[in-house]
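final19.cif, holding mmCIF, C-alpha atoms:
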```cif
data_final
loop_
_atom_site.group_PDB
_atom_site.id
_atom_site.type_symbol
_atom_site.label_atom_id
_atom_site.label_comp_id
_atom_site.auth_asym_id
_atom_site.auth_seq_id
_atom_site.Cartn_x
_atom_site.Cartn_y
_atom_site.Cartn_z
ATOM 1 C CA MET X 1 0.000 0.000 0.000
ATOM 2 C CA LEU X 2 2.815 2.408 0.863
ATOM 3 C CA ARG X 3 4.517 1.648 -2.478
ATOM 4 C CA LYS X 4 1.286 2.401 -4.385
ATOM 5 C CA ASN X 5 0.904 5.726 -2.536
ATOM 6 C CA ILE X 6 4.491 6.689 -3.344
ATOM 7 C CA LEU X 7 4.061 5.789 -7.031
ATOM 8 C CA ASP X 8 0.784 7.740 -7.168
ATOM 9 C CA ALA X 9 2.450 10.752 -5.536
ATOM 10 C CA VAL X 10 5.463 10.890 -7.881
ATOM 11 C CA SER X 11 3.264 10.375 -10.957
ATOM 12 C CA ALA X 12 0.731 13.053 -9.964
ATOM 13 C CA PRO X 13 0.629 16.258 -12.042
ATOM 14 C CA GLY X 14 3.132 18.750 -10.664
ATOM 15 C CA SER X 15 5.347 16.057 -9.154
ATOM 16 C CA LEU X 16 9.043 15.792 -10.012
ATOM 17 C CA ALA X 17 8.562 12.538 -11.956
ATOM 18 C CA ALA X 18 5.570 13.857 -13.894
ATOM 19 C CA ASP X 19 7.428 17.085 -14.728
ATOM 20 C CA HIS X 20 10.423 15.038 -15.910
ATOM 21 C CA ASP X 21 8.141 12.977 -18.200
ATOM 22 C CA ILE X 22 6.594 16.131 -19.645
ATOM 23 C CA ILE X 23 10.010 17.687 -20.247
ATOM 24 C CA ALA X 24 11.276 14.460 -21.885
ATOM 25 C CA THR X 25 8.187 14.308 -24.115
ATOM 26 C CA ARG X 26 8.541 17.979 -25.112
ATOM 27 C CA ARG X 27 12.239 17.455 -25.851
ATOM 28 C CA THR X 28 11.453 14.395 -28.006
ATOM 29 C CA LEU X 29 8.770 16.289 -29.957
ATOM 30 C CA LEU X 30 11.080 19.282 -30.463
ATOM 31 C CA LEU X 31 13.921 17.090 -31.737
ATOM 32 C CA ALA X 32 11.527 15.196 -34.032
ATOM 33 C CA ALA X 33 10.251 18.483 -35.471
ATOM 34 C CA LEU X 34 13.813 19.730 -36.030
ATOM 35 C CA ALA X 35 14.847 16.456 -37.675
ATOM 36 C CA ALA X 36 11.811 16.563 -39.946
ATOM 37 C CA GLY X 37 12.484 20.192 -40.882
ATOM 38 C CA LEU X 38 9.085 21.329 -39.578
ATOM 39 C CA PRO X 39 8.561 24.981 -38.631
ATOM 40 C CA LEU X 40 8.633 25.503 -34.875
ATOM 41 C CA ALA X 41 6.624 28.736 -34.732
ATOM 42 C CA ALA X 42 2.951 29.128 -35.483
ATOM 43 C CA SER X 43 2.162 31.181 -38.554
ATOM 44 C CA SER X 44 0.142 33.836 -36.747
ATOM 45 C CA GLY X 45 0.012 37.430 -37.907
ATOM 46 C CA ALA X 46 2.244 38.452 -35.003
ATOM 47 C CA ALA X 47 4.911 35.930 -36.004
ATOM 48 C CA LYS X 48 4.819 37.197 -39.595
ATOM 49 C CA ALA X 49 5.176 40.803 -38.448
ATOM 50 C CA ASN X 50 8.514 40.057 -36.776
ATOM 51 C CA LYS X 51 11.359 40.605 -39.221
ATOM 52 C CA LEU X 52 14.724 38.966 -38.720
ATOM 53 C CA ASN X 53 17.576 41.454 -38.932
ATOM 54 C CA PRO X 54 20.112 39.799 -41.307
ATOM 55 C CA ASP X 55 22.837 42.069 -39.890
ATOM 56 C CA GLU X 56 22.335 40.404 -36.502
ATOM 57 C CA THR X 57 21.142 36.858 -37.249
ATOM 58 C CA ILE X 58 22.024 34.915 -40.374
ATOM 59 C CA VAL X 59 19.922 31.849 -41.113
ATOM 60 C CA THR X 60 20.823 29.225 -43.701
ATOM 61 C CA ARG X 61 18.027 26.749 -44.409
ATOM 62 C CA PRO X 62 19.068 23.115 -44.926
ATOM 63 C CA ASP X 63 18.150 23.206 -48.625
ATOM 64 C CA ALA X 64 20.542 26.152 -49.120
ATOM 65 C CA ILE X 65 23.574 24.284 -47.760
ATOM 66 C CA LYS X 66 25.627 23.202 -50.765
ATOM 67 C CA PHE X 67 28.106 20.368 -50.465
ATOM 68 C CA VAL X 68 31.102 20.501 -52.807
ATOM 69 C CA PRO X 69 33.039 17.359 -53.823
ATOM 70 C CA TRP X 70 36.617 17.201 -52.602
ATOM 71 C CA SER X 71 39.069 18.129 -55.311
ATOM 72 C CA GLY X 72 41.199 15.264 -56.559
ATOM 73 C CA ALA X 73 39.030 12.629 -54.857
ATOM 74 C CA PRO X 74 36.796 10.081 -56.615
ATOM 75 C CA PRO X 75 33.142 11.047 -57.143
ATOM 76 C CA TYR X 76 30.906 10.229 -54.162
ATOM 77 C CA SER X 77 33.827 9.724 -51.805
ATOM 78 C CA GLY X 78 33.475 12.903 -49.763
ATOM 79 C CA GLU X 79 32.079 16.417 -49.808
ATOM 80 C CA MET X 80 32.316 19.593 -47.722
ATOM 81 C CA ALA X 81 30.000 22.498 -46.998
ATOM 82 C CA THR X 82 31.669 25.468 -45.314
ATOM 83 C CA LEU X 83 29.182 27.280 -43.085
ATOM 84 C CA TYR X 84 31.473 29.806 -41.408
ATOM 85 C CA GLY X 85 35.044 30.950 -41.974
ATOM 86 C CA GLY X 86 37.262 28.644 -43.979
ATOM 87 C CA LEU X 87 39.806 25.892 -43.468
ATOM 88 C CA ASP X 88 42.596 28.115 -44.821
ATOM 89 C CA THR X 89 41.333 31.478 -43.534
ATOM 90 C CA PRO X 90 42.786 32.474 -40.127
ATOM 91 C CA GLY X 91 40.137 32.278 -37.413
ATOM 92 C CA PRO X 92 37.315 29.959 -36.381
ATOM 93 C CA TYR X 93 35.540 27.771 -38.920
ATOM 94 C CA LEU X 94 32.456 25.576 -39.018
ATOM 95 C CA ALA X 95 32.029 23.101 -41.855
ATOM 96 C CA LEU X 96 30.031 20.001 -42.644
ATOM 97 C CA MET X 97 31.902 16.983 -43.959
ATOM 98 C CA LYS X 98 30.138 14.118 -45.699
ATOM 99 C CA TRP X 99 31.882 10.752 -46.069
ATOM 100 C CA TYR X 100 30.307 8.237 -48.442
ATOM 101 C CA PRO X 101 30.454 4.482 -47.742
ATOM 102 C CA GLY X 102 33.647 2.812 -48.891
ATOM 103 C CA TYR X 103 36.054 5.732 -48.387
ATOM 104 C CA MET X 104 38.418 6.856 -45.640
ATOM 105 C CA SER X 105 41.117 9.452 -45.300
ATOM 106 C CA ALA X 106 44.779 8.555 -45.392
ATOM 107 C CA PRO X 107 46.579 9.128 -42.080
ATOM 108 C CA HIS X 108 47.064 12.872 -41.582
ATOM 109 C CA SER X 109 47.298 15.566 -38.913
ATOM 110 C CA TYR X 110 46.244 19.194 -38.400
ATOM 111 C CA ALA X 111 48.077 22.220 -37.017
ATOM 112 C CA THR X 112 45.205 22.931 -34.593
ATOM 113 C CA ASP X 113 42.683 20.895 -32.620
ATOM 114 C CA ARG X 114 39.481 19.939 -34.436
ATOM 115 C CA LEU X 115 36.143 19.351 -32.725
ATOM 116 C CA SER X 116 33.764 17.023 -34.548
ATOM 117 C CA LEU X 117 30.117 16.133 -33.937
ATOM 118 C CA VAL X 118 28.538 13.288 -35.917
ATOM 119 C CA LEU X 119 25.162 14.528 -37.197
ATOM 120 C CA SER X 120 24.032 11.439 -39.107
ATOM 121 C CA GLY X 121 25.302 7.997 -40.053
ATOM 122 C CA THR X 122 28.280 6.316 -38.413
ATOM 123 C CA TRP X 123 31.795 7.721 -38.696
ATOM 124 C CA TRP X 124 34.694 5.299 -38.237
ATOM 125 C CA VAL X 125 37.818 6.813 -36.630
ATOM 126 C CA ASN X 126 41.278 5.823 -35.409
ATOM 127 C CA SER X 127 44.554 7.398 -34.345
ATOM 128 C CA GLY X 128 48.045 6.653 -35.584
ATOM 129 C CA ALA X 129 50.154 6.704 -38.714
ATOM 130 C CA ASP X 130 49.456 3.086 -39.778
ATOM 131 C CA PHE X 131 46.273 2.832 -41.849
ATOM 132 C CA ASP X 132 44.136 -0.152 -40.757
ATOM 133 C CA PRO X 133 40.390 0.320 -41.346
ATOM 134 C CA ASN X 134 39.678 -2.867 -39.354
ATOM 135 C CA GLN X 135 40.958 -1.088 -36.232
ATOM 136 C CA THR X 136 38.653 1.934 -36.538
ATOM 137 C CA VAL X 137 36.068 2.715 -33.879
ATOM 138 C CA PRO X 138 32.445 3.539 -34.793
ATOM 139 C CA VAL X 139 31.071 6.915 -33.718
ATOM 140 C CA PRO X 140 27.275 7.057 -34.225
ATOM 141 C CA ALA X 141 25.132 10.146 -34.730
ATOM 142 C CA GLY X 142 25.347 12.348 -31.654
ATOM 143 C CA GLY X 143 28.927 11.249 -30.904
ATOM 144 C CA PHE X 144 31.747 13.733 -30.387
ATOM 145 C CA VAL X 145 35.403 13.422 -31.470
ATOM 146 C CA ARG X 146 38.268 15.770 -30.615
ATOM 147 C CA ARG X 147 41.307 15.554 -32.871
ATOM 148 C CA VAL X 148 44.399 16.804 -31.041
ATOM 149 C CA ALA X 149 46.743 19.038 -33.058
ATOM 150 C CA HIS X 150 49.819 17.429 -34.638
ATOM 151 C CA THR X 151 48.642 13.838 -33.986
ATOM 152 C CA PRO X 152 48.082 11.477 -36.938
ATOM 153 C CA HIS X 153 44.652 9.970 -37.474
ATOM 154 C CA TYR X 154 42.300 8.719 -40.179
ATOM 155 C CA ASP X 155 38.565 8.239 -40.587
ATOM 156 C CA GLY X 156 35.698 7.628 -42.972
ATOM 157 C CA VAL X 157 32.812 5.245 -43.607
ATOM 158 C CA LYS X 158 33.094 1.514 -44.128
ATOM 159 C CA ARG X 159 31.923 -0.013 -47.395
ATOM 160 C CA ASP X 160 28.895 -1.849 -45.948
ATOM 161 C CA ALA X 161 27.320 1.299 -44.431
ATOM 162 C CA LYS X 162 23.769 2.074 -45.535
ATOM 163 C CA GLU X 163 24.277 5.852 -45.602
ATOM 164 C CA PRO X 164 26.962 8.534 -45.636
ATOM 165 C CA ALA X 165 28.143 10.057 -42.371
ATOM 166 C CA VAL X 166 27.745 13.813 -41.946
ATOM 167 C CA ILE X 167 30.044 15.440 -39.415
ATOM 168 C CA ALA X 168 30.050 19.049 -38.150
ATOM 169 C CA LEU X 169 33.645 20.298 -37.849
ATOM 170 C CA PHE X 170 34.816 23.224 -35.746
ATOM 171 C CA GLY X 171 38.304 24.543 -35.182
ATOM 172 C CA ILE X 172 40.702 27.397 -35.651
ATOM 173 C CA ALA X 173 42.212 27.826 -39.108
ATOM 174 C CA PRO X 174 44.448 27.550 -40.930
ATOM 175 C CA VAL X 175 44.055 23.796 -40.569
ATOM 176 C CA ASP X 176 47.272 22.946 -42.440
ATOM 177 C CA LEU X 177 46.392 19.319 -43.171
ATOM 178 C CA THR X 178 49.606 17.259 -43.397
ATOM 179 C CA LEU X 179 49.594 13.726 -44.829
ATOM 180 C CA VAL X 180 51.755 11.149 -43.042
ATOM 181 C CA ASP X 181 52.844 9.881 -46.485
ATOM 182 C CA PRO X 182 52.513 12.730 -48.999
ATOM 183 C CA SER X 183 53.499 10.416 -51.872
ATOM 184 C CA LYS X 184 50.040 8.747 -51.633
ATOM 185 C CA PRO X 185 46.540 10.224 -52.149
ATOM 186 C CA GLY X 186 44.749 11.766 -49.168
ATOM 187 C CA TRP X 187 41.948 9.203 -49.411
ATOM 188 C CA ARG X 188 41.640 5.414 -49.408
ATOM 189 C CA GLN X 189 38.966 3.176 -50.879
ATOM 190 C CA VAL X 190 37.993 0.485 -48.377
#
```
I'd like the structure from this file rewritten - as structure tokens, please.
Amino acid sequence: MLRKNILDAVSAPGSLAADHDIIATRRTLLLAALAAGLPLAASSGAAKANKLNPDETIVTRPDAIKFVPWSGAPPYSGEMATLYGGLDTPGPYLALMKWYPGYMSAPHSYATDRLSLVLSGTWWVNSGADFDPNQTVPVPAGGFVRRVAHTPHYDGVKRDAKEPAVIALFGIAPVDLTLVDPSKPGWRQV
């Protein structure tokens, strides 16, 4: 009887457990709406009257983000979309990287740390100068990877993946990508 009373109390509206469930449900619905690309604001007259100041807030809709194939790489191996700054322009940058199944980078390093957040798919990563795709570690969507400056590493998407991996990259440029073995291409087919 005491257990039932406790469960009833924590599940009652306004209780900590009930509030937690409501917050979790709201969070799930918000994330689902964002993932589906649904508008989050109602289309009332008041909402339409508000004008966004493009000098203060710059919005890029998903359909306006353009991925560009990597130069010198095979078609559908990898693409980039620079959202802010640039990899060779001094200062902070934010870019999206898309790896297609069956391709990985050759071991390389950067002059500065790189922070990476996997947005979709699974990204396979490893550290070291010896390329061995069988030793890579999977990082699923939502995972975070920090690449430490001047340390060799490699990454990409294994051949049997069902989808590309999209990774958000942030760091301070210039990146100064350096291949461990510059006599070989910067990518590998796996």
**Request:** Please identify all polymer residues within 10 Å of region 112-121 of chain X, counting all atoms listed in the file, omitting same-chain residues fewer than 2 positions from it, and present them as a VMD selection string.
**Result:** chain X and resid 93 to 101 109 to 110 123 to 124 138 to 151 157 161 to 177
**Asked** Which distance in Å separates CA of His153 (chain X) and CA of Gly91 (chain X), to one decimal?
**Response**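 Between these atoms lies a distance of 22.8 Å.
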**Item:** Selection under test: the PyMOL selection byres ((chain X and resi 105) around 8); residues as a count of residues only
**Value:** 11
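Excluding Phe67 (chain X) itself and same-chain residues fewer than 5 positions from it, the residues having an atom within 8 Å of it are X:Glu79, X:Met80, X:Ala81, counting only C-alpha atoms.
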**Residue nearest Lys158 (chain X) among X:Ser183, X:Thr178, X:Ser77, X:Thr82 (counting only C-alpha atoms)** = X:Ser77
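Interatomic distance, CA of Val180 (chain X) against CA of Ala129 (chain X): 6.4 Å.
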**Å distance separating CA of Pro54 (chain X) from CA of Leu83 (chain X), one decimal place** =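 Those two atoms sit 15.6 Å apart.
Against the coordinates shown, the PyMOL selection byres ((chain X and resi 72) around 10) returns Pro69, Trp70, Ser71, Ala73, Pro74, Pro75, Pro185, Gly186 and Trp187 of chain X.
Of the listed residues (X:Val190, X:Ala111, X:Val137, X:Val59), X:Ala111 comes nearest to Leu87 (chain X); the distances count all atoms listed in the file.
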